[in-house]
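*Asks:* Attaching a single structure in structure tokens format; questions to follow.
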Amino acid sequence: MTSRSSQRKRVLSGMRSTGKLHLGNFVGALDNWVRMQDQYDCFFFVADWHALTTDYADTSKIKENSLEVLLDWLAAGLDPECCTMFIQSHVPQHAELHLLFSMITPLGWLERVPTYKEQRENISEKDLGTYGFLGYPVLQAADILIYKGDFVPVGEDQVPHVELTREIARRFNMFYTRKGIFVFPEPQPLLTPAAKLPGTDGRKMSKSYGNTILLTDPEPVVRQKLKTMVTDPARVRRSDPGNPDVCPVGDLHKIFSDRQTIMKVDEGCRSAGIGCIECKGWAADALVSILNPMQERRKKYEDNPRLAWDILEAGSSRASKVAGATMDEVREAMGMSLDYDEKHG
Ligand code: TRP
Ligand code: SF4
């Protein structure tokens, strides 16, 4: 690593290996990561162990899903020359730190985590009454702290996990100081400004709702999905005026269209001067112009997935070095270093 990169603040974030990414993942995280890679010393990883906490029963797709995520990262413009990309399970030190953290994390802290309660209540088709699922945020704390990250870019739902990470860091530092020095700094969450991105049914875009537009969707598919997208329900006939502020297509324009188009939509919709079909066509144009260059970039790696895999392997070995150095400090602070020592043998 160059001296310049080691002076930069460190950013760490992960995404579960859920397969192909959609526009919501792009707007909510990936786009932000791409902008950060020049400014910070960034570590981005595919959290395949975290995917296992809910999808443990069938692992047949897990590797393929990890690769799809990486391809979308590369497509969106993450550059292996500018950031470190890796797979969680290829850096087993995360698991060692997770185990040590599990010793010091009170159960009550985990039972109070909002995502834990919500998912236990809402997901009925899988048995989430497992040790691993409860420990999800402990693993996340290990992911973050093992790189001594300064900043963790996340969406709002993940902020409690970063808070818990800070508490675990404090508790570890309290029990085990190393020559009077704390092993772990407390990372800060960097809240990704959340643009409200609706899916085709008007609810939040999410894989589990089946309302997504994928980064890999070809132009005809994007146009077709837009055609069936819900609009302002008050605008029933072409002659009814509408309101782009309550229309999911209007939201898409606000995020992806240029100022001129947004004004044209606003005026045309409110005066019934334009039809929804025309308006959706413009929204599709904006999406296609963003997705096209991504799909071009992705093609190079799709044709040769080995290239993408090599990027992950190189990233994983770079990450291992950093993680390994932290684990040496951790073991030493806990009086469990691997070296022979005179007193205790
Ligand atoms: N829990 C995160 C999510 O579902 C993914 C994740 C795993 C993560 N480890 C992380 C995010 C570490 C930030 C830092 O989106
Ligand atoms: Fe929505 Fe556009 Fe139709 Fe207005 S014209 S209701 S913004 S799709």
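Ordering of the structure tokens sets the chain letters (A, B, ...); residue numbers start at 1 within each chain; ligands are numbered from 1 in the order shown.
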Counting only C-alpha atoms and all ligand atoms, name the residues that have an atom within 10 Å of an atom of ligand 1; the answer should be given as a PDB file with N, CA, C and O atoms, in the first residue's frame.

*Replies:*
ATOM      1  N   VAL A  11     -12.327   3.760   5.101  1.00  0.00           N
ATOM      2  CA  VAL A  11     -13.762   3.504   4.976  1.00  0.00           C
ATOM      3  C   VAL A  11     -13.968   2.003   4.766  1.00  0.00           C
ATOM      4  O   VAL A  11     -13.206   1.369   4.032  1.00  0.00           O
ATOM      5  N   LEU A  12     -14.964   1.483   5.433  1.00  0.00           N
ATOM      6  CA  LEU A  12     -15.227   0.052   5.334  1.00  0.00           C
ATOM      7  C   LEU A  12     -16.717  -0.147   5.174  1.00  0.00           C
ATOM      8  O   LEU A  12     -17.510   0.460   5.893  1.00  0.00           O
ATOM      9  N   SER A  13     -17.134  -0.945   4.199  1.00  0.00           N
ATOM     10  CA  SER A  13     -18.549  -1.289   4.136  1.00  0.00           C
ATOM     11  C   SER A  13     -18.729  -2.621   3.422  1.00  0.00           C
ATOM     12  O   SER A  13     -17.850  -3.072   2.692  1.00  0.00           O
ATOM     13  N   GLY A  14     -19.874  -3.217   3.655  1.00  0.00           N
ATOM     14  CA  GLY A  14     -20.153  -4.514   3.052  1.00  0.00           C
ATOM     15  C   GLY A  14     -21.564  -4.581   2.511  1.00  0.00           C
ATOM     16  O   GLY A  14     -22.421  -3.764   2.849  1.00  0.00           O
ATOM     17  N   MET A  15     -21.761  -5.561   1.636  1.00  0.00           N
ATOM     18  CA  MET A  15     -23.091  -5.819   1.088  1.00  0.00           C
ATOM     19  C   MET A  15     -23.290  -7.319   1.116  1.00  0.00           C
ATOM     20  O   MET A  15     -22.367  -8.068   0.770  1.00  0.00           O
ATOM     21  N   ARG A  16     -24.464  -7.745   1.523  1.00  0.00           N
ATOM     22  CA  ARG A  16     -24.712  -9.182   1.512  1.00  0.00           C
ATOM     23  C   ARG A  16     -24.746  -9.714   0.083  1.00  0.00           C
ATOM     24  O   ARG A  16     -25.141  -8.987  -0.840  1.00  0.00           O
ATOM     25  N   SER A  17     -24.355 -10.961  -0.099  1.00  0.00           N
ATOM     26  CA  SER A  17     -24.317 -11.532  -1.455  1.00  0.00           C
ATOM     27  C   SER A  17     -25.711 -12.018  -1.824  1.00  0.00           C
ATOM     28  O   SER A  17     -26.067 -13.159  -1.593  1.00  0.00           O
ATOM     29  N   THR A  18     -26.476 -11.086  -2.382  1.00  0.00           N
ATOM     30  CA  THR A  18     -27.864 -11.400  -2.708  1.00  0.00           C
ATOM     31  C   THR A  18     -28.068 -11.624  -4.207  1.00  0.00           C
ATOM     32  O   THR A  18     -29.192 -11.755  -4.658  1.00  0.00           O
ATOM     33  N   ASN A  25     -30.095  -0.497  -4.717  1.00  0.00           N
ATOM     34  CA  ASN A  25     -28.762  -0.724  -4.159  1.00  0.00           C
ATOM     35  C   ASN A  25     -27.785   0.329  -4.676  1.00  0.00           C
ATOM     36  O   ASN A  25     -26.876   0.761  -3.962  1.00  0.00           O
ATOM     37  N   ALA A  29     -26.368   2.961  -1.925  1.00  0.00           N
ATOM     38  CA  ALA A  29     -25.036   2.629  -1.428  1.00  0.00           C
ATOM     39  C   ALA A  29     -23.949   2.742  -2.489  1.00  0.00           C
ATOM     40  O   ALA A  29     -23.011   3.540  -2.370  1.00  0.00           O
ATOM     41  N   PHE A  43     -12.282  -0.170   1.887  1.00  0.00           N
ATOM     42  CA  PHE A  43     -12.410  -1.633   1.866  1.00  0.00           C
ATOM     43  C   PHE A  43     -13.887  -1.963   1.672  1.00  0.00           C
ATOM     44  O   PHE A  43     -14.709  -1.605   2.509  1.00  0.00           O
ATOM     45  N   PHE A  44     -14.199  -2.625   0.577  1.00  0.00           N
ATOM     46  CA  PHE A  44     -15.580  -3.029   0.317  1.00  0.00           C
ATOM     47  C   PHE A  44     -15.622  -4.550   0.173  1.00  0.00           C
ATOM     48  O   PHE A  44     -14.802  -5.118  -0.558  1.00  0.00           O
ATOM     49  N   PHE A  45     -16.554  -5.166   0.866  1.00  0.00           N
ATOM     50  CA  PHE A  45     -16.557  -6.625   0.784  1.00  0.00           C
ATOM     51  C   PHE A  45     -17.954  -7.198   0.603  1.00  0.00           C
ATOM     52  O   PHE A  45     -18.951  -6.589   0.974  1.00  0.00           O
ATOM     53  N   VAL A  46     -17.966  -8.398   0.007  1.00  0.00           N
ATOM     54  CA  VAL A  46     -19.206  -9.132  -0.170  1.00  0.00           C
ATOM     55  C   VAL A  46     -19.397  -9.986   1.080  1.00  0.00           C
ATOM     56  O   VAL A  46     -18.571 -10.848   1.384  1.00  0.00           O
ATOM     57  N   ALA A  47     -20.491  -9.717   1.799  1.00  0.00           N
ATOM     58  CA  ALA A  47     -20.718 -10.381   3.087  1.00  0.00           C
ATOM     59  C   ALA A  47     -21.453 -11.701   2.860  1.00  0.00           C
ATOM     60  O   ALA A  47     -22.653 -11.802   3.049  1.00  0.00           O
ATOM     61  N   ASP A  48     -20.698 -12.732   2.459  1.00  0.00           N
ATOM     62  CA  ASP A  48     -21.363 -14.012   2.170  1.00  0.00           C
ATOM     63  C   ASP A  48     -21.710 -14.763   3.461  1.00  0.00           C
ATOM     64  O   ASP A  48     -22.703 -15.492   3.498  1.00  0.00           O
ATOM     65  N   TRP A  49     -20.951 -14.561   4.518  1.00  0.00           N
ATOM     66  CA  TRP A  49     -21.335 -15.185   5.792  1.00  0.00           C
ATOM     67  C   TRP A  49     -22.616 -14.553   6.324  1.00  0.00           C
ATOM     68  O   TRP A  49     -23.461 -15.237   6.896  1.00  0.00           O
ATOM     69  N   HIS A  50     -22.745 -13.257   6.136  1.00  0.00           N
ATOM     70  CA  HIS A  50     -23.986 -12.620   6.577  1.00  0.00           C
ATOM     71  C   HIS A  50     -25.191 -13.126   5.787  1.00  0.00           C
ATOM     72  O   HIS A  50     -26.287 -13.255   6.328  1.00  0.00           O
ATOM     73  N   ALA A  51     -24.982 -13.424   4.503  1.00  0.00           N
ATOM     74  CA  ALA A  51     -26.080 -13.989   3.711  1.00  0.00           C
ATOM     75  C   ALA A  51     -26.517 -15.336   4.296  1.00  0.00           C
ATOM     76  O   ALA A  51     -27.698 -15.690   4.272  1.00  0.00           O
ATOM     77  N   GLN A  88     -15.846 -11.729   2.306  1.00  0.00           N
ATOM     78  CA  GLN A  88     -15.718 -11.951   3.753  1.00  0.00           C
ATOM     79  C   GLN A  88     -15.149 -13.340   4.080  1.00  0.00           C
ATOM     80  O   GLN A  88     -14.204 -13.464   4.859  1.00  0.00           O
ATOM     81  N   THR A 115     -33.254  -4.413  13.898  1.00  0.00           N
ATOM     82  CA  THR A 115     -33.372  -5.318  12.737  1.00  0.00           C
ATOM     83  C   THR A 115     -33.630  -6.749  13.193  1.00  0.00           C
ATOM     84  O   THR A 115     -34.310  -7.516  12.513  1.00  0.00           O
ATOM     85  N   TYR A 136     -25.612 -11.828  14.218  1.00  0.00           N
ATOM     86  CA  TYR A 136     -25.366 -11.052  12.995  1.00  0.00           C
ATOM     87  C   TYR A 136     -24.577  -9.757  13.257  1.00  0.00           C
ATOM     88  O   TYR A 136     -23.553  -9.497  12.627  1.00  0.00           O
ATOM     89  N   PRO A 137     -25.039  -8.917  14.211  1.00  0.00           N
ATOM     90  CA  PRO A 137     -24.305  -7.666  14.408  1.00  0.00           C
ATOM     91  C   PRO A 137     -22.935  -7.844  15.072  1.00  0.00           C
ATOM     92  O   PRO A 137     -22.089  -6.962  14.947  1.00  0.00           O
ATOM     93  N   VAL A 138     -22.715  -8.969  15.733  1.00  0.00           N
ATOM     94  CA  VAL A 138     -21.381  -9.214  16.306  1.00  0.00           C
ATOM     95  C   VAL A 138     -20.385  -9.480  15.175  1.00  0.00           C
ATOM     96  O   VAL A 138     -19.259  -8.982  15.173  1.00  0.00           O
ATOM     97  N   LEU A 139     -20.856 -10.239  14.192  1.00  0.00           N
ATOM     98  CA  LEU A 139     -20.014 -10.480  13.015  1.00  0.00           C
ATOM     99  C   LEU A 139     -19.750  -9.164  12.279  1.00  0.00           C
ATOM    100  O   LEU A 139     -18.636  -8.884  11.847  1.00  0.00           O
ATOM    101  N   GLN A 140     -20.780  -8.348  12.196  1.00  0.00           N
ATOM    102  CA  GLN A 140     -20.613  -7.053  11.526  1.00  0.00           C
ATOM    103  C   GLN A 140     -19.604  -6.181  12.286  1.00  0.00           C
ATOM    104  O   GLN A 140     -18.788  -5.483  11.679  1.00  0.00           O
ATOM    105  N   ALA A 141     -19.649  -6.239  13.613  1.00  0.00           N
ATOM    106  CA  ALA A 141     -18.679  -5.476  14.421  1.00  0.00           C
ATOM    107  C   ALA A 141     -17.262  -5.960  14.132  1.00  0.00           C
ATOM    108  O   ALA A 141     -16.327  -5.157  13.994  1.00  0.00           O
ATOM    109  N   ALA A 142     -17.110  -7.282  13.999  1.00  0.00           N
ATOM    110  CA  ALA A 142     -15.782  -7.825  13.674  1.00  0.00           C
ATOM    111  C   ALA A 142     -15.338  -7.343  12.293  1.00  0.00           C
ATOM    112  O   ALA A 142     -14.189  -6.925  12.103  1.00  0.00           O
ATOM    113  N   ASP A 143     -16.255  -7.358  11.323  1.00  0.00           N
ATOM    114  CA  ASP A 143     -15.943  -6.877   9.958  1.00  0.00           C
ATOM    115  C   ASP A 143     -15.368  -5.463   9.998  1.00  0.00           C
ATOM    116  O   ASP A 143     -14.421  -5.132   9.284  1.00  0.00           O
ATOM    117  N   ILE A 144     -16.006  -4.646  10.806  1.00  0.00           N
ATOM    118  CA  ILE A 144     -15.648  -3.228  10.815  1.00  0.00           C
ATOM    119  C   ILE A 144     -14.364  -3.005  11.605  1.00  0.00           C
ATOM    120  O   ILE A 144     -13.420  -2.368  11.146  1.00  0.00           O
ATOM    121  N   LEU A 145     -14.326  -3.572  12.813  1.00  0.00           N
ATOM    122  CA  LEU A 145     -13.225  -3.229  13.719  1.00  0.00           C
ATOM    123  C   LEU A 145     -11.910  -3.866  13.289  1.00  0.00           C
ATOM    124  O   LEU A 145     -10.842  -3.317  13.568  1.00  0.00           O
ATOM    125  N   GLY A 149     -11.688   0.744  10.864  1.00  0.00           N
ATOM    126  CA  GLY A 149     -12.269   1.737   9.958  1.00  0.00           C
ATOM    127  C   GLY A 149     -12.620   3.027  10.692  1.00  0.00           C
ATOM    128  O   GLY A 149     -13.045   2.993  11.848  1.00  0.00           O
ATOM    129  N   PHE A 151     -14.739   5.321   9.079  1.00  0.00           N
ATOM    130  CA  PHE A 151     -16.112   5.595   8.654  1.00  0.00           C
ATOM    131  C   PHE A 151     -16.764   4.347   8.047  1.00  0.00           C
ATOM    132  O   PHE A 151     -16.110   3.578   7.341  1.00  0.00           O
ATOM    133  N   VAL A 152     -18.051   4.218   8.327  1.00  0.00           N
ATOM    134  CA  VAL A 152     -18.807   3.104   7.770  1.00  0.00           C
ATOM    135  C   VAL A 152     -20.030   3.670   7.049  1.00  0.00           C
ATOM    136  O   VAL A 152     -21.016   4.049   7.685  1.00  0.00           O
ATOM    137  N   PRO A 153     -19.961   3.789   5.715  1.00  0.00           N
ATOM    138  CA  PRO A 153     -21.125   4.298   4.980  1.00  0.00           C
ATOM    139  C   PRO A 153     -22.241   3.252   4.982  1.00  0.00           C
ATOM    140  O   PRO A 153     -22.026   2.126   4.535  1.00  0.00           O
ATOM    141  N   VAL A 154     -23.383   3.625   5.509  1.00  0.00           N
ATOM    142  CA  VAL A 154     -24.524   2.703   5.589  1.00  0.00           C
ATOM    143  C   VAL A 154     -25.833   3.470   5.445  1.00  0.00           C
ATOM    144  O   VAL A 154     -25.874   4.689   5.616  1.00  0.00           O
ATOM    145  N   GLY A 155     -26.875   2.726   5.167  1.00  0.00           N
ATOM    146  CA  GLY A 155     -28.213   3.301   5.189  1.00  0.00           C
ATOM    147  C   GLY A 155     -28.705   3.373   6.632  1.00  0.00           C
ATOM    148  O   GLY A 155     -28.108   2.791   7.544  1.00  0.00           O
ATOM    149  N   GLU A 156     -29.820   4.063   6.792  1.00  0.00           N
ATOM    150  CA  GLU A 156     -30.353   4.320   8.127  1.00  0.00           C
ATOM    151  C   GLU A 156     -30.593   3.048   8.945  1.00  0.00           C
ATOM    152  O   GLU A 156     -30.320   3.002  10.146  1.00  0.00           O
ATOM    153  N   ASP A 157     -31.067   2.008   8.263  1.00  0.00           N
ATOM    154  CA  ASP A 157     -31.391   0.758   8.976  1.00  0.00           C
ATOM    155  C   ASP A 157     -30.170   0.120   9.630  1.00  0.00           C
ATOM    156  O   ASP A 157     -30.304  -0.666  10.563  1.00  0.00           O
ATOM    157  N   GLN A 158     -28.983   0.480   9.138  1.00  0.00           N
ATOM    158  CA  GLN A 158     -27.765  -0.155   9.654  1.00  0.00           C
ATOM    159  C   GLN A 158     -27.086   0.645  10.766  1.00  0.00           C
ATOM    160  O   GLN A 158     -26.104   0.180  11.347  1.00  0.00           O
ATOM    161  N   VAL A 159     -27.597   1.832  11.032  1.00  0.00           N
ATOM    162  CA  VAL A 159     -26.939   2.674  12.036  1.00  0.00           C
ATOM    163  C   VAL A 159     -26.882   1.994  13.415  1.00  0.00           C
ATOM    164  O   VAL A 159     -25.840   2.034  14.081  1.00  0.00           O
ATOM    165  N   HIS A 161     -26.447  -1.017  14.037  1.00  0.00           N
ATOM    166  CA  HIS A 161     -25.351  -1.990  14.005  1.00  0.00           C
ATOM    167  C   HIS A 161     -24.006  -1.306  14.222  1.00  0.00           C
ATOM    168  O   HIS A 161     -23.111  -1.870  14.855  1.00  0.00           O
ATOM    169  N   VAL A 162     -23.866  -0.110  13.670  1.00  0.00           N
ATOM    170  CA  VAL A 162     -22.601   0.607  13.871  1.00  0.00           C
ATOM    171  C   VAL A 162     -22.504   1.096  15.322  1.00  0.00           C
ATOM    172  O   VAL A 162     -21.435   1.052  15.932  1.00  0.00           O
ATOM    173  N   THR A 165     -21.408  -1.739  17.286  1.00  0.00           N
ATOM    174  CA  THR A 165     -19.975  -1.933  17.029  1.00  0.00           C
ATOM    175  C   THR A 165     -19.147  -1.034  17.946  1.00  0.00           C
ATOM    176  O   THR A 165     -18.143  -1.463  18.520  1.00  0.00           O
ATOM    177  N   PRO A 189     -20.650   6.032  11.820  1.00  0.00           N
ATOM    178  CA  PRO A 189     -21.471   5.753  10.639  1.00  0.00           C
ATOM    179  C   PRO A 189     -21.497   6.984   9.738  1.00  0.00           C
ATOM    180  O   PRO A 189     -21.496   8.110  10.221  1.00  0.00           O
TER     181      PRO A 189
END

*Asks:* I'd like the neighbourhood of Phe256 of chain A as a list of chain:residue names, where a residue qualifies if any of its atoms comes within 8 Å (using only C-alpha atoms), though same-chain residues fewer than 6 positions away should be ignored.

*Replies:*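 Near Phe256 of chain A, the qualifying residues are A:Ala283, A:Ala286, A:Leu287.
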
*Asks:* With all heavy atoms retained, write the just-selected residues as a PDB file, in the first residue's frame.

*Replies:*
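Contents of out14.pdb, as written:
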ATOM      1  N   ALA A 283     -38.543   9.006 -18.427  1.00  0.00           N
ATOM      2  CA  ALA A 283     -37.892   8.393 -17.261  1.00  0.00           C
ATOM      3  C   ALA A 283     -37.037   7.204 -17.712  1.00  0.00           C
ATOM      4  O   ALA A 283     -35.906   7.019 -17.252  1.00  0.00           O
ATOM      5  CB  ALA A 283     -38.938   7.950 -16.238  1.00  0.00           C
ATOM      6  N   ALA A 286     -33.776   8.320 -19.151  1.00  0.00           N
ATOM      7  CA  ALA A 286     -32.788   8.698 -18.133  1.00  0.00           C
ATOM      8  C   ALA A 286     -32.135   7.443 -17.536  1.00  0.00           C
ATOM      9  O   ALA A 286     -30.915   7.387 -17.356  1.00  0.00           O
ATOM     10  CB  ALA A 286     -33.450   9.528 -17.031  1.00  0.00           C
ATOM     11  N   LEU A 287     -32.961   6.440 -17.252  1.00  0.00           N
ATOM     12  CA  LEU A 287     -32.406   5.209 -16.664  1.00  0.00           C
ATOM     13  C   LEU A 287     -31.462   4.520 -17.636  1.00  0.00           C
ATOM     14  O   LEU A 287     -30.369   4.101 -17.266  1.00  0.00           O
ATOM     15  CB  LEU A 287     -33.542   4.241 -16.282  1.00  0.00           C
ATOM     16  CG  LEU A 287     -34.454   4.696 -15.148  1.00  0.00           C
ATOM     17  CD1 LEU A 287     -35.413   3.575 -14.762  1.00  0.00           C
ATOM     18  CD2 LEU A 287     -33.636   5.104 -13.934  1.00  0.00           C
TER      19      LEU A 287
END

*Asks:* In segment 172-259 of chain A, what's helix (DSSP H, G or I) per DSSP? Answer as a ChimeraX atom specification?

*Replies:* /A:172-175,207-209,219-227,244-246,248-256,259

*Asks:* Could you produce a table of the residues of chain A lying within 8 Å of ligand 2, with the nearest pair of atoms per residue and their separation in Å rounded to one decimal, using only C-alpha atoms and all ligand atoms, ordered by chain and increasing residue number, as JSON lines?

*Replies:*
{"residue": "A:Val230", "atom": "CA", "partner": "ligand 2", "partner_atom_place_in_ligand_line": "8 (S)", "distance": 7.8}
{"residue": "A:Thr231", "atom": "CA", "partner": "ligand 2", "partner_atom_place_in_ligand_line": "1 (Fe)", "distance": 4.7}
{"residue": "A:Asp232", "atom": "CA", "partner": "ligand 2", "partner_atom_place_in_ligand_line": "6 (S)", "distance": 4.5}
{"residue": "A:Pro233", "atom": "CA", "partner": "ligand 2", "partner_atom_place_in_ligand_line": "6 (S)", "distance": 7.6}
{"residue": "A:Arg235", "atom": "CA", "partner": "ligand 2", "partner_atom_place_in_ligand_line": "6 (S)", "distance": 6.0}
{"residue": "A:Pro241", "atom": "CA", "partner": "ligand 2", "partner_atom_place_in_ligand_line": "4 (Fe)", "distance": 7.7}
{"residue": "A:Gly242", "atom": "CA", "partner": "ligand 2", "partner_atom_place_in_ligand_line": "6 (S)", "distance": 4.9}
{"residue": "A:Asn243", "atom": "CA", "partner": "ligand 2", "partner_atom_place_in_ligand_line": "4 (Fe)", "distance": 5.6}
{"residue": "A:Pro244", "atom": "CA", "partner": "ligand 2", "partner_atom_place_in_ligand_line": "7 (S)", "distance": 3.9}
{"residue": "A:Asp245", "atom": "CA", "partner": "ligand 2", "partner_atom_place_in_ligand_line": "7 (S)", "distance": 7.5}
{"residue": "A:Val246", "atom": "CA", "partner": "ligand 2", "partner_atom_place_in_ligand_line": "1 (Fe)", "distance": 7.8}
{"residue": "A:Cys247", "atom": "CA", "partner": "ligand 2", "partner_atom_place_in_ligand_line": "1 (Fe)", "distance": 4.7}
{"residue": "A:Pro248", "atom": "CA", "partner": "ligand 2", "partner_atom_place_in_ligand_line": "1 (Fe)", "distance": 6.6}
{"residue": "A:Val249", "atom": "CA", "partner": "ligand 2", "partner_atom_place_in_ligand_line": "1 (Fe)", "distance": 5.0}
{"residue": "A:Gly250", "atom": "CA", "partner": "ligand 2", "partner_atom_place_in_ligand_line": "7 (S)", "distance": 4.2}
{"residue": "A:Asp251", "atom": "CA", "partner": "ligand 2", "partner_atom_place_in_ligand_line": "7 (S)", "distance": 7.9}
{"residue": "A:Val265", "atom": "CA", "partner": "ligand 2", "partner_atom_place_in_ligand_line": "7 (S)", "distance": 6.1}
{"residue": "A:Asp266", "atom": "CA", "partner": "ligand 2", "partner_atom_place_in_ligand_line": "7 (S)", "distance": 6.9}
{"residue": "A:Gly268", "atom": "CA", "partner": "ligand 2", "partner_atom_place_in_ligand_line": "5 (S)", "distance": 6.8}
{"residue": "A:Cys269", "atom": "CA", "partner": "ligand 2", "partner_atom_place_in_ligand_line": "4 (Fe)", "distance": 4.2}
{"residue": "A:Arg270", "atom": "CA", "partner": "ligand 2", "partner_atom_place_in_ligand_line": "4 (Fe)", "distance": 7.0}
{"residue": "A:Ala272", "atom": "CA", "partner": "ligand 2", "partner_atom_place_in_ligand_line": "5 (S)", "distance": 7.5}
{"residue": "A:Ile274", "atom": "CA", "partner": "ligand 2", "partner_atom_place_in_ligand_line": "5 (S)", "distance": 6.1}
{"residue": "A:Gly275", "atom": "CA", "partner": "ligand 2", "partner_atom_place_in_ligand_line": "5 (S)", "distance": 5.4}
{"residue": "A:Cys276", "atom": "CA", "partner": "ligand 2", "partner_atom_place_in_ligand_line": "3 (Fe)", "distance": 3.6}
{"residue": "A:Ile277", "atom": "CA", "partner": "ligand 2", "partner_atom_place_in_ligand_line": "8 (S)", "distance": 6.9}
{"residue": "A:Glu278", "atom": "CA", "partner": "ligand 2", "partner_atom_place_in_ligand_line": "5 (S)", "distance": 7.5}
{"residue": "A:Cys279", "atom": "CA", "partner": "ligand 2", "partner_atom_place_in_ligand_line": "2 (Fe)", "distance": 4.6}
{"residue": "A:Lys280", "atom": "CA", "partner": "ligand 2", "partner_atom_place_in_ligand_line": "8 (S)", "distance": 5.6}

*Asks:* Give the strand (DSSP E or B) residues of segment 118-304 of chain A, as assigned by DSSP on the backbone, as a list in words.

*Replies:*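 Taking segment 118-304 of chain A and keeping strand (DSSP E or B) gives Phe151, Val152, Pro153, Val154, Arg178, Ile181, Gln188, Pro189, Leu190, Leu191, Pro198, Lys204 and Leu214 of chain A.
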
*Asks:* Write to file, as a short mmCIF file (atom, residue, chain, number, x, y, z; two decimals), in the first residue's frame, the residues of the selection just made, with N, CA, C and O atoms.

*Replies:*
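The resulting file, part20.cif, is shown below:
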data_model
loop_
_atom_site.label_atom_id
_atom_site.label_comp_id
_atom_site.auth_asym_id
_atom_site.auth_seq_id
_atom_site.Cartn_x
_atom_site.Cartn_y
_atom_site.Cartn_z
N PHE A 151 -14.74 5.32 9.08
CA PHE A 151 -16.11 5.59 8.65
C PHE A 151 -16.76 4.35 8.05
O PHE A 151 -16.11 3.58 7.34
N VAL A 152 -18.05 4.22 8.33
CA VAL A 152 -18.81 3.10 7.77
C VAL A 152 -20.03 3.67 7.05
O VAL A 152 -21.02 4.05 7.68
N PRO A 153 -19.96 3.79 5.71
CA PRO A 153 -21.12 4.30 4.98
C PRO A 153 -22.24 3.25 4.98
O PRO A 153 -22.03 2.13 4.54
N VAL A 154 -23.38 3.62 5.51
CA VAL A 154 -24.52 2.70 5.59
C VAL A 154 -25.83 3.47 5.44
O VAL A 154 -25.87 4.69 5.62
N ARG A 178 -3.71 -2.75 25.58
CA ARG A 178 -2.41 -3.27 25.18
C ARG A 178 -1.39 -2.18 25.46
O ARG A 178 -1.39 -1.15 24.82
N ILE A 181 -2.59 1.11 25.50
CA ILE A 181 -3.17 1.65 24.26
C ILE A 181 -4.41 0.84 23.90
O ILE A 181 -4.40 -0.39 23.97
N GLN A 188 -17.30 5.73 12.97
CA GLN A 188 -18.48 6.58 12.81
C GLN A 188 -19.33 6.09 11.64
O GLN A 188 -18.78 5.81 10.58
N PRO A 189 -20.65 6.03 11.82
CA PRO A 189 -21.47 5.75 10.64
C PRO A 189 -21.50 6.98 9.74
O PRO A 189 -21.50 8.11 10.22
N LEU A 190 -21.45 6.77 8.44
CA LEU A 190 -21.62 7.87 7.47
C LEU A 190 -22.94 7.60 6.78
O LEU A 190 -23.04 6.70 5.94
N LEU A 191 -23.94 8.33 7.17
CA LEU A 191 -25.27 8.06 6.66
C LEU A 191 -25.37 8.40 5.17
O LEU A 191 -25.09 9.52 4.78
N PRO A 198 -38.58 4.50 -5.35
CA PRO A 198 -39.69 3.57 -5.41
C PRO A 198 -39.46 2.48 -6.44
O PRO A 198 -38.77 2.69 -7.44
N LYS A 204 -41.09 0.87 -1.65
CA LYS A 204 -39.64 0.95 -1.70
C LYS A 204 -39.07 -0.18 -2.57
O LYS A 204 -39.52 -1.32 -2.47
N LEU A 214 -33.19 -3.96 -12.38
CA LEU A 214 -31.82 -4.42 -12.15
C LEU A 214 -30.83 -3.57 -12.93
O LEU A 214 -31.15 -3.05 -14.01
#

*Asks:* Identify which of the residues A:Glu111, A:Asp38, A:Glu64, A:Asp341 lies closest to Gly129 of chain A, counting only C-alpha atoms when measuring atom-to-atom distances.

*Replies:* A:Glu111

*Asks:* Hey, which of A:Tyr340, A:Tyr56, A:Tyr176, A:Tyr301 ends up closest to Thr130 of chain A? Count only C-alpha atoms.

*Replies:*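 Of the candidates, the smallest distance to Thr130 of chain A is held by A:Tyr56.
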
*Asks:* Excluding Met103 of chain A and any residue of its chain fewer than 2 positions from it, enumerate the residues within 12 Å of it, using only C-alpha atoms, and give them as a ChimeraX atom specification.

*Replies:* /A:96-101,105-107,135,138,168,171-172,175

*Asks:* Provide the atom CA of Pro220 of chain A to atom CA of Gly199 of chain A distance in Å, to one decimal place.

*Replies:*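 Computed distance, atom CA of Pro220 of chain A to atom CA of Gly199 of chain A, equals 17.2 Å.
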
*Asks:* Restricting the calculation to only C-alpha atoms, which member of A:Ile146, A:Asp310, A:Ser89, A:Asn32 is positioned closest to Asp328 of chain A?

*Replies:*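 Using only C-alpha atoms, Asp328 of chain A sits closest to A:Ile146.
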
*Asks:* As an exercise, work out the distance from atom CA of Lys264 of chain A to atom CA of Asp217 of chain A in Å and give it to one decimal place.

*Replies:*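 Straight-line distance from atom CA of Lys264 of chain A to atom CA of Asp217 of chain A works out to 26.5 Å.
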
*Asks:* Quick one, how far is atom CA of Val91 of chain A from atom CA of Leu74 of chain A?

*Replies:*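 It comes out at 20.5 Å.
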
*Asks:* May I ask which of the residues A:Gly273, A:Ser320, A:Lys63, A:Ala76 is the closest one to Arg238 of chain A, counting only C-alpha atoms?

*Replies:* A:Gly273

*Asks:* Can you work out which one of A:Gly132, A:Glu163, A:Leu70, A:Ile104 has the shortest atom-to-atom distance to Phe86 of chain A, counting only C-alpha atoms?

*Replies:*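 Looking at the shortest contact to Phe86 of chain A, the residue is A:Leu70.
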
*Asks:* Name the closest residue to Pro80 of chain A among the candidates A:Val183, A:Met336, A:Ala95, A:Leu307; distances are taken between atoms, counting only C-alpha atoms.

*Replies:*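 Between A:Val183, A:Met336, A:Ala95, A:Leu307, the residue approaching Pro80 of chain A most closely is A:Leu307.
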
*Asks:* Tell me which protein, DNA and RNA residues are within 10 Å of Asp127 of chain A, counting only C-alpha atoms, leaving out same-chain ones fewer than 5 positions away, and put them as a PyMOL selection string.

*Replies:* chain A and resi 54-57+120+133
